[in-house]
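What follows is a short report on a single structure.
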Amino acid sequence: MNSEAAPHTTEVIYPDLTQKRVLITGGAAGIGYAIAEAFAKQGCRIALFDVDEAGLERALNSLRGAVGKHGSVTDPDAVNAAFALMDEAFGGVDIVVNNAGISMNKPTLELSLQEWQKALDINLTGVFLCCQAAARRMVPQRSGVILNISSIYGVVAAPNRLAYCATKSAVAMMAKELAIEWAEHGIRVNALAPGYARTALVEQLVEAQRIDDRALAKRTPLGRLATAEEIADLAVFLASDKARYITGQVVGIDGGWTAYGYI
Ligand SMILES: NC(=O)c1ccc[n+]([C@@H]2O[C@H](COP(=O)([O-])OP(=O)(O)OC[C@H]3O[C@@H](n4cnc5c(N)ncnc54)[C@H](O)[C@@H]3O)[C@@H](O)[C@H]2O)c1
């Protein structure tokens, strides 16, 4: 079956999200930007935190009313500055989407310590720093939602992706761990595990012939890659009150990829 991607919703379907204060790491492009747009459509107040200064500028130009902080999730001072911006601009934070991440697609025997460390710093330590900064604000207000963007490769393994698989499974476990630690404070924490979506990250791998997008679509039971908007729709749902009893979950959005176990 080849299911068509539906256009992004334009209506306000989660009125409880109106005016919610949302910080999205890596929000200048790809899935992060689609998530920012989707929350904006629900009437949220948006802050983007991204290491790509020019990309951030472009994103802020097209996302009216959003604020932004340039910096890396790996830098504790920059993380503090991003959350300070939330305090200044919006008086706090309600929802944090830990989306910033990089791929690391290389045979393990060729993976340098520096590359391994880089993936850990961005994909894992960055998420820890942002979760901690978020909860320092969410615990006193007794509410908040944190979403970690994991991957199908946090759930199942693929060759030549040791650092990616290890970090993505770690942020999935981080969601479970923090969900049980912070539930008593009214904070929900979940992870999303998307399959391949057409973003710059994936286009670069296609161009470098490290992945074959047609083979990936064929391997997917729904017969195509995801769109960033479909992943964004799940993020918005998980942040809304409609998902108020969902916490500590790793929610797959992969067109059937991880369910498929045949040839
Ligand atoms: N695209 C996919 O197929 C796919 C599938 C599953 C999971 N994911 C995950 O989704 C997330 C977003 O992926 P994408 O495809 O949109 O990537 P992308 O490369 O298109 O965009 C990533 C954004 O994060 C920013 N970023 C990178 N390092 C950063 C840092 N240290 N600090 C702050 N910002 C930083 C980049 O500047 C960019 O704006 C990643 O965590 C990725 O692992 C992607």
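Quick note on naming: the chains in the structure tokens go A, B, ... in the order shown, residues restart at 1 in each chain, and ligands are numbered from 1 in order of appearance.
Of all the residues in range 117-152 of chain A, the ones DSSP labels as strand (DSSP E or B) from the backbone are Gly144, Val145, Ile146, Leu147, Asn148 and Ile149 of chain A.
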Next on the checklist: Just want the residues within 7 Å of ligand 1, written as a count of residues only, counting only C-alpha atoms and all ligand atoms.
Outcome noted: 38
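Taking CA of Ala232 in chain A as the reference point, CA of Gln209 in chain A is found at 27.0 Å.
Nearest to Thr167 in chain A of all the residues A:Cys131, A:Ala119, A:Leu147, A:Val206 is A:Ala119, based on only C-alpha atoms.
Among the candidates A:Ala34, A:Val93, A:Ala82, A:Leu48, the residue lying nearest to Val145 in chain A is A:Val93 (atoms considered: only C-alpha atoms).
In terms of minimum interatomic distance to Gln204 in chain A, A:Met104 ranks closest within A:Met86, A:Gly144, A:Asp241, A:Met104, counting only C-alpha atoms.
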Checklist entry - Skipping near chain neighbours, those fewer than 4 positions away, what residues fall within 8 Å of Asp94 in chain A using only C-alpha atoms, listed as a PyMOL selection string? => result chain A and resi 20-22+138+143-145
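Between CA of Ala38 in chain A and CA of Thr18 in chain A lies a distance of 12.0 Å.
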Item to check | Spatial neighbours of Gly261 in chain A, 12 Å, only C-alpha atoms, chain gap at least 3 places, as JSON, numbers by chain | outcome: {"A": [156, 219, 220, 221, 256, 257, 258]}
Item to check | Option closest in space to Ile146 in chain A, from A:Arg224, A:Arg188, A:Lys69, A:Lys176 [counting only C-alpha atoms] | outcome: A:Arg188
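Taking only C-alpha atoms into account, Ala36 in chain A lies nearest to A:Asp233 out of the set A:Asp233, A:Tyr260, A:Ala81, A:Gln141.
Put simply, CA of Leu234 in chain A is 10.6 Å away from CA of Ala191 in chain A.
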